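With PDB, C-alpha atoms inside, this is structure_4.pdb:
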ATOM      1  CA  MET A 267      17.997 -86.364   2.356  1.00  0.00           C
ATOM      2  CA  THR A 268      19.954 -83.865   4.450  1.00  0.00           C
ATOM      3  CA  PRO A 269      20.100 -80.248   3.190  1.00  0.00           C
ATOM      4  CA  TYR A 270      23.564 -79.682   1.748  1.00  0.00           C
ATOM      5  CA  ARG A 271      24.447 -76.297   0.291  1.00  0.00           C
ATOM      6  CA  LEU A 272      26.761 -75.930  -2.684  1.00  0.00           C
ATOM      7  CA  ASP A 273      29.065 -73.550  -0.827  1.00  0.00           C
ATOM      8  CA  GLN A 274      29.466 -76.146   1.913  1.00  0.00           C
ATOM      9  CA  PHE A 275      30.205 -78.830  -0.669  1.00  0.00           C
ATOM     10  CA  SER A 276      32.842 -76.576  -2.246  1.00  0.00           C
ATOM     11  CA  ARG A 277      34.621 -76.311   1.096  1.00  0.00           C
ATOM     12  CA  ASP A 278      34.275 -79.986   1.988  1.00  0.00           C
ATOM     13  CA  VAL A 279      35.297 -81.522  -1.326  1.00  0.00           C
ATOM     14  CA  VAL A 280      38.822 -80.073  -1.166  1.00  0.00           C
ATOM     15  CA  ASN A 281      39.472 -81.473   2.314  1.00  0.00           C
ATOM     16  CA  PRO A 282      42.399 -83.909   1.912  1.00  0.00           C
ATOM     17  CA  GLN A 283      40.556 -86.440   4.049  1.00  0.00           C
ATOM     18  CA  ASN A 284      37.863 -86.675   1.393  1.00  0.00           C
ATOM     19  CA  ALA A 285      40.366 -87.705  -1.277  1.00  0.00           C
ATOM     20  CA  LEU A 286      42.022 -90.149   1.117  1.00  0.00           C
ATOM     21  CA  SER A 287      38.604 -91.662   1.829  1.00  0.00           C
ATOM     22  CA  VAL A 288      38.202 -92.207  -1.919  1.00  0.00           C
ATOM     23  CA  VAL A 289      41.538 -94.043  -1.969  1.00  0.00           C
ATOM     24  CA  SER A 290      40.414 -96.124   1.018  1.00  0.00           C
ATOM     25  CA  ILE A 291      37.221 -97.177  -0.771  1.00  0.00           C
ATOM     26  CA  CYS A 292      39.262 -98.055  -3.859  1.00  0.00           C
ATOM     27  CA  ARG A 293      41.250-100.529  -1.783  1.00  0.00           C
ATOM     28  CA  ARG A 294      38.021-102.381  -1.007  1.00  0.00           C
ATOM     29  CA  ILE A 295      37.084-103.002  -4.644  1.00  0.00           C
ATOM     30  CA  GLU A 296      38.676-104.739  -7.604  1.00  0.00           C
ATOM     31  CA  MET A 297      40.462-102.277  -9.892  1.00  0.00           C
ATOM     32  CA  ASP A 298      42.130-102.556 -13.271  1.00  0.00           C
ATOM     33  CA  SER A 299      45.448-100.930 -14.175  1.00  0.00           C
ATOM     34  CA  ALA A 300      43.799 -97.641 -15.145  1.00  0.00           C
ATOM     35  CA  LEU A 301      42.018 -97.288 -11.803  1.00  0.00           C
ATOM     36  CA  ILE A 302      45.095 -98.374  -9.851  1.00  0.00           C
ATOM     37  CA  GLY A 303      47.109 -95.632 -11.539  1.00  0.00           C
ATOM     38  CA  TRP A 304      44.377 -93.064 -10.927  1.00  0.00           C
ATOM     39  CA  SER A 305      44.072 -94.012  -7.245  1.00  0.00           C
ATOM     40  CA  SER A 306      47.848 -93.899  -6.750  1.00  0.00           C
ATOM     41  CA  ASN A 307      47.941 -90.443  -8.325  1.00  0.00           C
ATOM     42  CA  ILE A 308      45.331 -89.146  -5.882  1.00  0.00           C
ATOM     43  CA  GLU A 309      47.290 -90.441  -2.926  1.00  0.00           C
ATOM     44  CA  ALA A 310      50.530 -88.944  -4.245  1.00  0.00           C
ATOM     45  CA  ARG A 311      48.889 -85.567  -4.839  1.00  0.00           C
ATOM     46  CA  ILE A 312      47.510 -85.426  -1.305  1.00  0.00           C
ATOM     47  CA  GLN A 313      50.797 -86.560   0.242  1.00  0.00           C
ATOM     48  CA  ALA A 314      52.476 -83.752  -1.682  1.00  0.00           C
ATOM     49  CA  GLY A 315      50.117 -81.261  -0.033  1.00  0.00           C
ATOM     50  CA  GLU A 316      48.177 -80.483  -3.194  1.00  0.00           C
ATOM     51  CA  VAL A 317      44.463 -79.757  -3.451  1.00  0.00           C
ATOM     52  CA  TYR A 318      42.656 -82.391  -5.525  1.00  0.00           C
ATOM     53  CA  TRP A 319      39.111 -83.418  -6.350  1.00  0.00           C
ATOM     54  CA  ASP A 320      37.429 -85.189  -9.245  1.00  0.00           C
ATOM     55  CA  LEU A 321      34.176 -87.045  -9.981  1.00  0.00           C
ATOM     56  CA  ALA A 322      34.777 -89.785  -7.401  1.00  0.00           C
ATOM     57  CA  CYS A 323      35.737 -87.240  -4.734  1.00  0.00           C
ATOM     58  CA  ALA A 324      32.620 -85.204  -5.490  1.00  0.00           C
ATOM     59  CA  LEU A 325      30.355 -88.246  -5.325  1.00  0.00           C
ATOM     60  CA  ARG A 326      31.828 -89.434  -2.039  1.00  0.00           C
ATOM     61  CA  GLN A 327      31.558 -86.016  -0.434  1.00  0.00           C
ATOM     62  CA  ILE A 328      27.989 -85.426  -1.636  1.00  0.00           C
ATOM     63  CA  ALA A 329      27.015 -88.878  -0.385  1.00  0.00           C
ATOM     64  CA  GLU A 330      28.362 -87.908   3.042  1.00  0.00           C
ATOM     65  CA  GLY A 331      26.893 -84.433   3.194  1.00  0.00           C
ATOM     66  CA  LEU A 332      23.571 -85.059   1.453  1.00  0.00           C
ATOM     67  CA  ARG A 333      22.848 -88.623   2.592  1.00  0.00           C
ATOM     68  CA  PRO A 334      20.889 -89.296  -0.617  1.00  0.00           C
ATOM     69  CA  ARG A 335      17.947 -91.646  -0.518  1.00  0.00           C
ATOM     70  CA  ASN A 336      18.513 -92.697  -4.121  1.00  0.00           C
ATOM     71  CA  TYR A 337      21.151 -92.420  -6.809  1.00  0.00           C
ATOM     72  CA  LEU A 338      21.012 -92.766 -10.602  1.00  0.00           C
ATOM     73  CA  GLU A 339      24.189 -93.374 -12.571  1.00  0.00           C
ATOM     74  CA  ILE A 340      24.687 -93.468 -16.332  1.00  0.00           C
ATOM     75  CA  GLY A 341      27.976 -95.184 -17.176  1.00  0.00           C
ATOM     76  CA  VAL A 342      28.950 -97.782 -14.564  1.00  0.00           C
ATOM     77  CA  ARG A 343      31.752-100.027 -15.898  1.00  0.00           C
ATOM     78  CA  LEU A 344      33.605-101.463 -12.862  1.00  0.00           C
ATOM     79  CA  GLY A 345      31.397 -99.647 -10.361  1.00  0.00           C
ATOM     80  CA  ASN A 346      34.151 -97.360  -9.093  1.00  0.00           C
ATOM     81  CA  SER A 347      31.992 -94.225  -8.954  1.00  0.00           C
ATOM     82  CA  THR A 348      29.002 -96.196  -7.731  1.00  0.00           C
ATOM     83  CA  SER A 349      31.093 -97.610  -4.909  1.00  0.00           C
ATOM     84  CA  MET A 350      31.864 -94.110  -3.638  1.00  0.00           C
ATOM     85  CA  VAL A 351      28.175 -93.512  -3.043  1.00  0.00           C
ATOM     86  CA  ALA A 352      27.366 -97.033  -1.850  1.00  0.00           C
ATOM     87  CA  ALA A 353      30.193 -97.151   0.682  1.00  0.00           C
ATOM     88  CA  THR A 354      29.352 -93.735   2.123  1.00  0.00           C
ATOM     89  CA  ALA A 355      25.553 -94.052   2.135  1.00  0.00           C
ATOM     90  CA  PRO A 356      25.043 -97.850   2.416  1.00  0.00           C
ATOM     91  CA  ASN A 357      21.235 -97.723   2.392  1.00  0.00           C
ATOM     92  CA  VAL A 358      20.963 -95.673  -0.802  1.00  0.00           C
ATOM     93  CA  SER A 359      18.781 -97.088  -3.583  1.00  0.00           C
ATOM     94  CA  ILE A 360      20.765 -97.283  -6.834  1.00  0.00           C
ATOM     95  CA  ALA A 361      19.562 -97.318 -10.439  1.00  0.00           C
ATOM     96  CA  ALA A 362      22.517 -98.200 -12.686  1.00  0.00           C
ATOM     97  CA  PHE A 363      22.421 -97.664 -16.461  1.00  0.00           C
ATOM     98  CA  ASP A 364      25.077 -99.026 -18.813  1.00  0.00           C
ATOM     99  CA  LEU A 365      25.409-100.425 -22.311  1.00  0.00           C
ATOM    100  CA  TRP A 366      28.096-102.848 -21.020  1.00  0.00           C
ATOM    101  CA  MET A 367      30.149-102.419 -24.168  1.00  0.00           C
ATOM    102  CA  SER A 368      33.360-104.422 -23.763  1.00  0.00           C
ATOM    103  CA  PRO A 369      36.057-103.442 -24.258  1.00  0.00           C
ATOM    104  CA  TYR A 370      35.181 -99.851 -23.401  1.00  0.00           C
ATOM    105  CA  ALA A 371      37.985 -97.426 -24.332  1.00  0.00           C
ATOM    106  CA  GLY A 372      40.278-100.445 -24.383  1.00  0.00           C
ATOM    107  CA  LEU A 373      39.231-101.545 -20.886  1.00  0.00           C
ATOM    108  CA  ASP A 374      37.130-104.431 -19.607  1.00  0.00           C
ATOM    109  CA  ASN A 375      33.460-103.791 -18.871  1.00  0.00           C
ATOM    110  CA  PRO A 376      32.474-106.991 -17.056  1.00  0.00           C
ATOM    111  CA  GLY A 377      28.795-106.375 -16.362  1.00  0.00           C
ATOM    112  CA  PRO A 378      26.156-106.222 -13.625  1.00  0.00           C
ATOM    113  CA  ASP A 379      27.146-109.314 -11.629  1.00  0.00           C
ATOM    114  CA  PHE A 380      30.652-107.950 -11.194  1.00  0.00           C
ATOM    115  CA  VAL A 381      29.362-104.535 -10.106  1.00  0.00           C
ATOM    116  CA  ARG A 382      26.920-106.129  -7.671  1.00  0.00           C
ATOM    117  CA  ARG A 383      29.853-107.913  -5.996  1.00  0.00           C
ATOM    118  CA  GLN A 384      31.799-104.656  -5.891  1.00  0.00           C
ATOM    119  CA  LEU A 385      28.969-102.867  -4.091  1.00  0.00           C
ATOM    120  CA  THR A 386      28.362-105.746  -1.704  1.00  0.00           C
ATOM    121  CA  GLY A 387      32.048-105.605  -0.878  1.00  0.00           C
ATOM    122  CA  VAL A 388      31.816-101.966   0.243  1.00  0.00           C
ATOM    123  CA  GLY A 389      28.780-102.669   2.427  1.00  0.00           C
ATOM    124  CA  HIS A 390      25.882-101.586   0.244  1.00  0.00           C
ATOM    125  CA  ARG A 391      22.534-102.657   1.710  1.00  0.00           C
ATOM    126  CA  GLY A 392      20.054-100.702  -0.409  1.00  0.00           C
ATOM    127  CA  GLU A 393      18.109-101.648  -3.512  1.00  0.00           C
ATOM    128  CA  LEU A 394      20.159-102.069  -6.679  1.00  0.00           C
ATOM    129  CA  THR A 395      18.625-102.252 -10.150  1.00  0.00           C
ATOM    130  CA  PHE A 396      20.428-102.497 -13.480  1.00  0.00           C
ATOM    131  CA  HIS A 397      19.066-101.098 -16.729  1.00  0.00           C
ATOM    132  CA  ASP A 398      21.044-102.562 -19.596  1.00  0.00           C
ATOM    133  CA  GLY A 399      21.255-100.944 -23.012  1.00  0.00           C
ATOM    134  CA  ASP A 400      21.674 -97.592 -24.698  1.00  0.00           C
ATOM    135  CA  SER A 401      20.829 -94.908 -22.125  1.00  0.00           C
ATOM    136  CA  ARG A 402      19.279 -92.771 -24.858  1.00  0.00           C
ATOM    137  CA  GLU A 403      16.579 -95.439 -24.922  1.00  0.00           C
ATOM    138  CA  THR A 404      16.631 -96.982 -21.432  1.00  0.00           C
ATOM    139  CA  ILE A 405      16.315 -93.680 -19.545  1.00  0.00           C
ATOM    140  CA  PRO A 406      13.130 -92.613 -21.421  1.00  0.00           C
ATOM    141  CA  HIS A 407      11.693 -96.112 -20.962  1.00  0.00           C
ATOM    142  CA  PHE A 408      12.483 -95.997 -17.245  1.00  0.00           C
ATOM    143  CA  LEU A 409      10.886 -92.572 -16.847  1.00  0.00           C
ATOM    144  CA  ALA A 410       7.810 -93.673 -18.756  1.00  0.00           C
ATOM    145  CA  ASP A 411       7.431 -96.574 -16.331  1.00  0.00           C
ATOM    146  CA  HIS A 412       8.178 -94.348 -13.309  1.00  0.00           C
ATOM    147  CA  PRO A 413       6.582 -90.975 -14.096  1.00  0.00           C
ATOM    148  CA  ALA A 414       6.963 -89.717 -10.508  1.00  0.00           C
ATOM    149  CA  ALA A 415      10.644 -90.688 -10.213  1.00  0.00           C
ATOM    150  CA  GLU A 416      12.985 -88.258  -8.480  1.00  0.00           C
ATOM    151  CA  PHE A 417      16.622 -88.767  -7.502  1.00  0.00           C
ATOM    152  CA  ASP A 418      18.657 -86.964  -4.874  1.00  0.00           C
ATOM    153  CA  LEU A 419      21.888 -87.656  -6.748  1.00  0.00           C
ATOM    154  CA  VAL A 420      22.469 -88.231 -10.473  1.00  0.00           C
ATOM    155  CA  CYS A 421      25.749 -88.864 -12.292  1.00  0.00           C
ATOM    156  CA  VAL A 422      26.058 -88.632 -16.087  1.00  0.00           C
ATOM    157  CA  ASP A 423      29.206 -90.391 -17.326  1.00  0.00           C
ATOM    158  CA  GLY A 424      27.993 -92.471 -20.253  1.00  0.00           C
ATOM    159  CA  ASP A 425      27.981 -91.702 -23.979  1.00  0.00           C
ATOM    160  CA  HIS A 426      30.804 -89.230 -24.616  1.00  0.00           C
ATOM    161  CA  SER A 427      29.712 -88.038 -28.029  1.00  0.00           C
ATOM    162  CA  ASP A 428      28.329 -84.497 -27.910  1.00  0.00           C
ATOM    163  CA  GLU A 429      24.889 -85.674 -29.013  1.00  0.00           C
ATOM    164  CA  GLY A 430      24.825 -88.625 -26.632  1.00  0.00           C
ATOM    165  CA  ALA A 431      26.038 -86.655 -23.609  1.00  0.00           C
ATOM    166  CA  TRP A 432      23.519 -83.883 -24.257  1.00  0.00           C
ATOM    167  CA  THR A 433      20.715 -86.413 -24.612  1.00  0.00           C
ATOM    168  CA  ASP A 434      21.678 -88.109 -21.342  1.00  0.00           C
ATOM    169  CA  VAL A 435      21.924 -84.939 -19.283  1.00  0.00           C
ATOM    170  CA  THR A 436      18.713 -83.422 -20.628  1.00  0.00           C
ATOM    171  CA  ASN A 437      16.852 -86.712 -20.158  1.00  0.00           C
ATOM    172  CA  VAL A 438      17.625 -86.699 -16.430  1.00  0.00           C
ATOM    173  CA  VAL A 439      17.607 -82.983 -15.636  1.00  0.00           C
ATOM    174  CA  GLY A 440      13.939 -83.017 -14.674  1.00  0.00           C
ATOM    175  CA  ILE A 441      14.232 -85.837 -12.131  1.00  0.00           C
ATOM    176  CA  VAL A 442      16.798 -84.236  -9.818  1.00  0.00           C
ATOM    177  CA  THR A 443      15.157 -83.557  -6.442  1.00  0.00           C
ATOM    178  CA  PRO A 444      15.099 -79.907  -5.316  1.00  0.00           C
ATOM    179  CA  GLY A 445      18.268 -79.568  -3.269  1.00  0.00           C
ATOM    180  CA  GLY A 446      19.718 -82.605  -5.044  1.00  0.00           C
ATOM    181  CA  TYR A 447      22.835 -82.850  -7.195  1.00  0.00           C
ATOM    182  CA  LEU A 448      23.678 -83.698 -10.807  1.00  0.00           C
ATOM    183  CA  LEU A 449      27.295 -84.489 -11.759  1.00  0.00           C
ATOM    184  CA  PHE A 450      28.820 -84.440 -15.234  1.00  0.00           C
ATOM    185  CA  ASP A 451      32.272 -85.808 -16.065  1.00  0.00           C
ATOM    186  CA  ASP A 452      35.105 -85.472 -18.588  1.00  0.00           C
ATOM    187  CA  LEU A 453      34.797 -81.755 -19.240  1.00  0.00           C
ATOM    188  CA  THR A 454      38.443 -81.551 -20.316  1.00  0.00           C
ATOM    189  CA  HIS A 455      39.154 -85.084 -21.528  1.00  0.00           C
ATOM    190  CA  PRO A 456      41.659 -84.815 -24.414  1.00  0.00           C
ATOM    191  CA  PHE A 457      39.784 -87.270 -26.647  1.00  0.00           C
ATOM    192  CA  HIS A 458      36.155 -86.279 -25.988  1.00  0.00           C
ATOM    193  CA  THR A 459      36.043 -82.890 -24.306  1.00  0.00           C
ATOM    194  CA  LEU A 460      32.528 -82.259 -23.028  1.00  0.00           C
ATOM    195  CA  LEU A 461      33.044 -78.726 -21.711  1.00  0.00           C
ATOM    196  CA  PRO A 462      30.938 -77.199 -24.531  1.00  0.00           C
ATOM    197  CA  ILE A 463      28.055 -79.496 -23.543  1.00  0.00           C
ATOM    198  CA  TRP A 464      28.454 -78.480 -19.894  1.00  0.00           C
ATOM    199  CA  ARG A 465      28.460 -74.793 -20.887  1.00  0.00           C
ATOM    200  CA  ARG A 466      25.321 -75.314 -22.948  1.00  0.00           C
ATOM    201  CA  PHE A 467      23.697 -77.051 -19.982  1.00  0.00           C
ATOM    202  CA  GLN A 468      24.604 -74.152 -17.687  1.00  0.00           C
ATOM    203  CA  GLU A 469      23.176 -71.652 -20.149  1.00  0.00           C
ATOM    204  CA  GLU A 470      19.894 -73.481 -20.703  1.00  0.00           C
ATOM    205  CA  PHE A 471      19.270 -74.608 -17.105  1.00  0.00           C
ATOM    206  CA  GLY A 472      20.952 -71.873 -15.105  1.00  0.00           C
ATOM    207  CA  SER A 473      17.624 -70.693 -13.713  1.00  0.00           C
ATOM    208  CA  GLN A 474      17.085 -74.114 -12.124  1.00  0.00           C
ATOM    209  CA  PHE A 475      20.594 -75.008 -10.922  1.00  0.00           C
ATOM    210  CA  GLU A 476      23.669 -73.510  -9.304  1.00  0.00           C
ATOM    211  CA  PHE A 477      27.083 -74.736 -10.399  1.00  0.00           C
ATOM    212  CA  VAL A 478      30.661 -75.434  -9.418  1.00  0.00           C
ATOM    213  CA  GLU A 479      33.335 -77.127 -11.511  1.00  0.00           C
ATOM    214  CA  ASN A 480      36.953 -78.274 -11.484  1.00  0.00           C
ATOM    215  CA  LEU A 481      38.747 -78.092 -14.815  1.00  0.00           C
ATOM    216  CA  LYS A 482      42.272 -78.787 -13.598  1.00  0.00           C
ATOM    217  CA  ASP A 483      42.107 -82.213 -11.912  1.00  0.00           C
ATOM    218  CA  SER A 484      41.656 -85.535 -13.684  1.00  0.00           C
ATOM    219  CA  HIS A 485      39.475 -84.911 -16.770  1.00  0.00           C
ATOM    220  CA  GLY A 486      37.286 -82.156 -15.374  1.00  0.00           C
ATOM    221  CA  THR A 487      34.132 -82.442 -13.281  1.00  0.00           C
ATOM    222  CA  GLY A 488      30.950 -80.378 -13.272  1.00  0.00           C
ATOM    223  CA  VAL A 489      28.587 -80.236 -10.288  1.00  0.00           C
ATOM    224  CA  ALA A 490      25.069 -78.816 -10.388  1.00  0.00           C
ATOM    225  CA  ARG A 491      22.737 -78.408  -7.406  1.00  0.00           C
ATOM    226  CA  ARG A 492      19.052 -78.012  -8.126  1.00  0.00           C
ATOM    227  CA  LYS A 493      17.677 -74.878  -6.525  1.00  0.00           C
ATOM    228  CA  GLU A 494      15.016 -75.342  -3.873  1.00  0.00           C
TER     229      GLU A 494
END

Whole structure, C-alpha cells version:
Amino acid sequence: MTPYRLDQFSRDVVNPQNALSVVSICRRIEMDSALIGWSSNIEARIQAGEVYWDLACALRQIAEGLRPRNYLEIGVRLGNSTSMVAATAPNVSIAAFDLWMSPYAGLDNPGPDFVRRQLTGVGHRGELTFHDGDSRETIPHFLADHPAAEFDLVCVDGDHSDEGAWTDVTNVVGIVTPGGYLLFDDLTHPFHTLLPIWRRFQEEFGSQFEFVENLKDSHGTGVARRKE
C-alpha cells in the first residue's frame, strides 16, 4: 500500500481525467440501462467543463493513489464499483459480499459468476472471493474466521435501511488498515438518505478517521481515511 493523504485525494478526485477513466472502464464491462445513463451523464458533465465525482470516481482514484493490497465491498450487484478497483489495481485481493437479491431496486442482480466475468474483462488478476448472504451475518462470520483481517480499502453500499447501513459500517470499521480508506454511498439518495448515518459515524469515529464528502453529485458519497 502506498501512502495516500486525504488532501491529495481531494485534489486528485476532481481531476476530469479521473471521471473520464471511470467512463472508460465502464465501456469494458456489461452495463444495464441505469448504469449506461449514469455513465453518459458523467461524460456529459465533464465535457461541459463541470467538476464531478461520485463513489466510482472515488474508488478509482483511491485505487490509483493508494495501490491497495486488498479490497472489501458490501453490495456488489453488476460489479461496477468493484471493476473500478480491479481495473486500476489488477493484483488487488477482493472480498465481495452481497445478498444477490434479484431484482434489486427493480434491477437485475445476476450473481457471482457474472461479476467474475466482469472483473476478468477489466484485467483483474488477484484473488476474488464471494461471501453470499445477509452482510449483517456474513461479515461477522468472516471476521470470526479471519480475526487478523485488515483491508486497505472498504466500500459499504449494501443494506440501505438505517439499521442495516449502521450495522455494516460499524462491523467493518475496525478492519480498515491505518492509512486505508472506507467509503460510504447514497448519503443524499431521495428514497433512502443515509446522511444521518454518515453523520453519526463521523461523530462516533472522528477520533480514528478524517473525512471528506460530496453531497451534490450522484447520490452523495462519503470518504473516510483511517488515521495513522

Neighbour list for Leu338 of chain A as number ranges by chain, cut-off 8 Å, all atoms listed in the file, skip fewer than 5 positions in-chain
A: 360-363, 417, 419-421

Report as a compact mmCIF listing (two decimals) with C-alpha atoms, in the frame of the given file the residues that result from applying the PyMOL selection byres ((chain A and resi 378) around 10) to the structure here.
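Result file follows (result25.txt):
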# COMPACT_ATOMS: atom_id res chain seq x y z
CA VAL A 342 28.95 -97.78 -14.56
CA ARG A 343 31.75 -100.03 -15.90
CA LEU A 344 33.60 -101.46 -12.86
CA GLY A 345 31.40 -99.65 -10.36
CA ALA A 362 22.52 -98.20 -12.69
CA PHE A 363 22.42 -97.66 -16.46
CA ASP A 364 25.08 -99.03 -18.81
CA TRP A 366 28.10 -102.85 -21.02
CA ASN A 375 33.46 -103.79 -18.87
CA PRO A 376 32.47 -106.99 -17.06
CA GLY A 377 28.80 -106.38 -16.36
CA ASP A 379 27.15 -109.31 -11.63
CA PHE A 380 30.65 -107.95 -11.19
CA VAL A 381 29.36 -104.54 -10.11
CA ARG A 382 26.92 -106.13 -7.67
CA ARG A 383 29.85 -107.91 -6.00
CA GLN A 384 31.80 -104.66 -5.89
CA THR A 395 18.62 -102.25 -10.15
CA PHE A 396 20.43 -102.50 -13.48
CA HIS A 397 19.07 -101.10 -16.73
CA ASP A 398 21.04 -102.56 -19.60

Mind pulling up the distance from atom CA of Asn346 of chain A to atom CA of Pro456 of chain A?
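Interatomic distance, atom CA of Pro456 of chain A to atom CA of Asn346 of chain A: 21.2 Å.
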
Considering all atoms listed in the file, give me a table of residues in segment 345-426 of chain A that are at most 10 Å from segment 430-440 of chain A, with the closest atom pair and distance in Å for each, as CSV.
residue,atom,partner,partner_atom,distance
A:Asp400,CA,A:Gly430,CA,9.7
A:Ser401,CA,A:Asp434,CA,6.9
A:Arg402,CA,A:Asp434,CA,6.3
A:Glu403,CA,A:Asp434,CA,9.6
A:Ile405,CA,A:Asn437,CA,7.0
A:Pro406,CA,A:Asn437,CA,7.1
A:Leu409,CA,A:Val438,CA,8.9
A:Ala415,CA,A:Gly440,CA,9.5
A:Glu416,CA,A:Gly440,CA,8.2
A:Phe417,CA,A:Val438,CA,9.2
A:Val420,CA,A:Val438,CA,7.8
A:Cys421,CA,A:Val435,CA,8.9
A:Val422,CA,A:Val435,CA,6.4
A:Asp423,CA,A:Ala431,CA,8.0
A:Gly424,CA,A:Ala431,CA,7.0
A:Asp425,CA,A:Gly430,CA,5.1
A:His426,CA,A:Ala431,CA,5.5

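Around the coordinate (40.0, -80.5, -6.7), residues that reach within 7 Å when counting all atoms listed in the file are Val280, Val317, Tyr318, Trp319, Asp320, Asn480 and Asp483 of chain A.
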
Separation of atom CA of Thr348 of chain A from atom CA of Arg326 of chain A in Å:
9.3 Å

For this structure, which residues satisfy the selection - the PyMOL selection byres ((chain A and resi 391) around 7) - when it is evaluated on the file as given? I want them as a list in words.
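This file gives the following for the PyMOL selection byres ((chain A and resi 391) around 7): Pro356, Asn357, Gly389, His390, Gly392 and Glu393 of chain A.
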
Go through A:Phe275, A:Thr354, A:Phe475, A:Phe457 and flag the residue nearest Val288 of chain A, using all atoms listed in the file for the distances.
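Closest candidate: A:Thr354.
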
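Closest to Glu296 of chain A among A:Val489, A:Leu448, A:Ala414, A:Leu385 is A:Leu385, based on all atoms listed in the file.
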
Select, counting all atoms listed in the file, all protein, DNA and RNA residues no farther than 7 Å from (19.7, -75.0, -5.5) in file coordinates, and express the selection as number ranges by chain.
A: 444-445, 475-476, 491-494

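Nearest residue to Asp452 of chain A among A:Ser473, A:Pro413, A:Ala355, A:Leu321 is A:Leu321, counting only C-alpha atoms.
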
Can you translate the PyMOL selection byres ((chain A and resi 459) around 12) into the concrete residues it hits in this file, as a PyMOL selection string?
chain A and resi 425-428+431+450-458+460-465+481+485-487

Using all atoms listed in the file, which residue out of A:Gly472, A:Thr268, A:Ser347, A:Ala353 lies closest to Ala324 of chain A?
A:Ser347

What's around segment 298-304 of chain A at 10 Å? Count all atoms listed in the file, leave out sequence neighbours fewer than 5 positions away in its own chain, and write the answer as a list in words.
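Counting all atoms listed in the file, the residues come to Val289, Cys292, Arg293, Glu309, Ala310, Leu344, Asn346, Leu373, Asp374 and Ser484 of chain A.
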
Can I get the selected residues back with C-alpha atoms, as a CSV table (one decimal), in the coordinates of the input?
chain,number,residue,atom,x,y,z
A,289,VAL,CA,41.5,-94.0,-2.0
A,292,CYS,CA,39.3,-98.1,-3.9
A,293,ARG,CA,41.2,-100.5,-1.8
A,309,GLU,CA,47.3,-90.4,-2.9
A,310,ALA,CA,50.5,-88.9,-4.2
A,344,LEU,CA,33.6,-101.5,-12.9
A,346,ASN,CA,34.2,-97.4,-9.1
A,373,LEU,CA,39.2,-101.5,-20.9
A,374,ASP,CA,37.1,-104.4,-19.6
A,484,SER,CA,41.7,-85.5,-13.7

Specify the axis-aligned box that encloses all atoms of segment 393-406 of chain A listed in the file after padding of 6 Å on each side, stating its centre and edge lengths in Å to one decimal as lines of an AutoDock Vina configuration file.
center_x = 17.4
center_y = -97.6
center_z = -14.2
size_x = 20.5
size_y = 21.9
size_z = 33.4

Expressed in Å to a single decimal, how great is the separation between atom CA of Ala352 of chain A and atom CA of Val388 of chain A?
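A separation of 7.0 Å between them.
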
Could you check the closest approach to Ser287 of chain A for each of A:Leu272, A:Val351, A:Met267, A:Val358 and tell me which residue wins, using all atoms listed in the file?
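Closest residue, counting all atoms listed in the file: A:Val351.
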
Residue neighbourhood segment 311-315 of chain A, 9 Å, all atoms listed in the file, exclusion window fewer than 5 positions, as a VMD selection string
chain A and resid 282 to 283 285 to 286 306

Have a look at A:Ile295, A:Ile328, A:Ile308, A:Ile340 and name the one nearest to Val279 of chain A; count only C-alpha atoms.
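Closest to Val279 of chain A of all the choices is A:Ile328.
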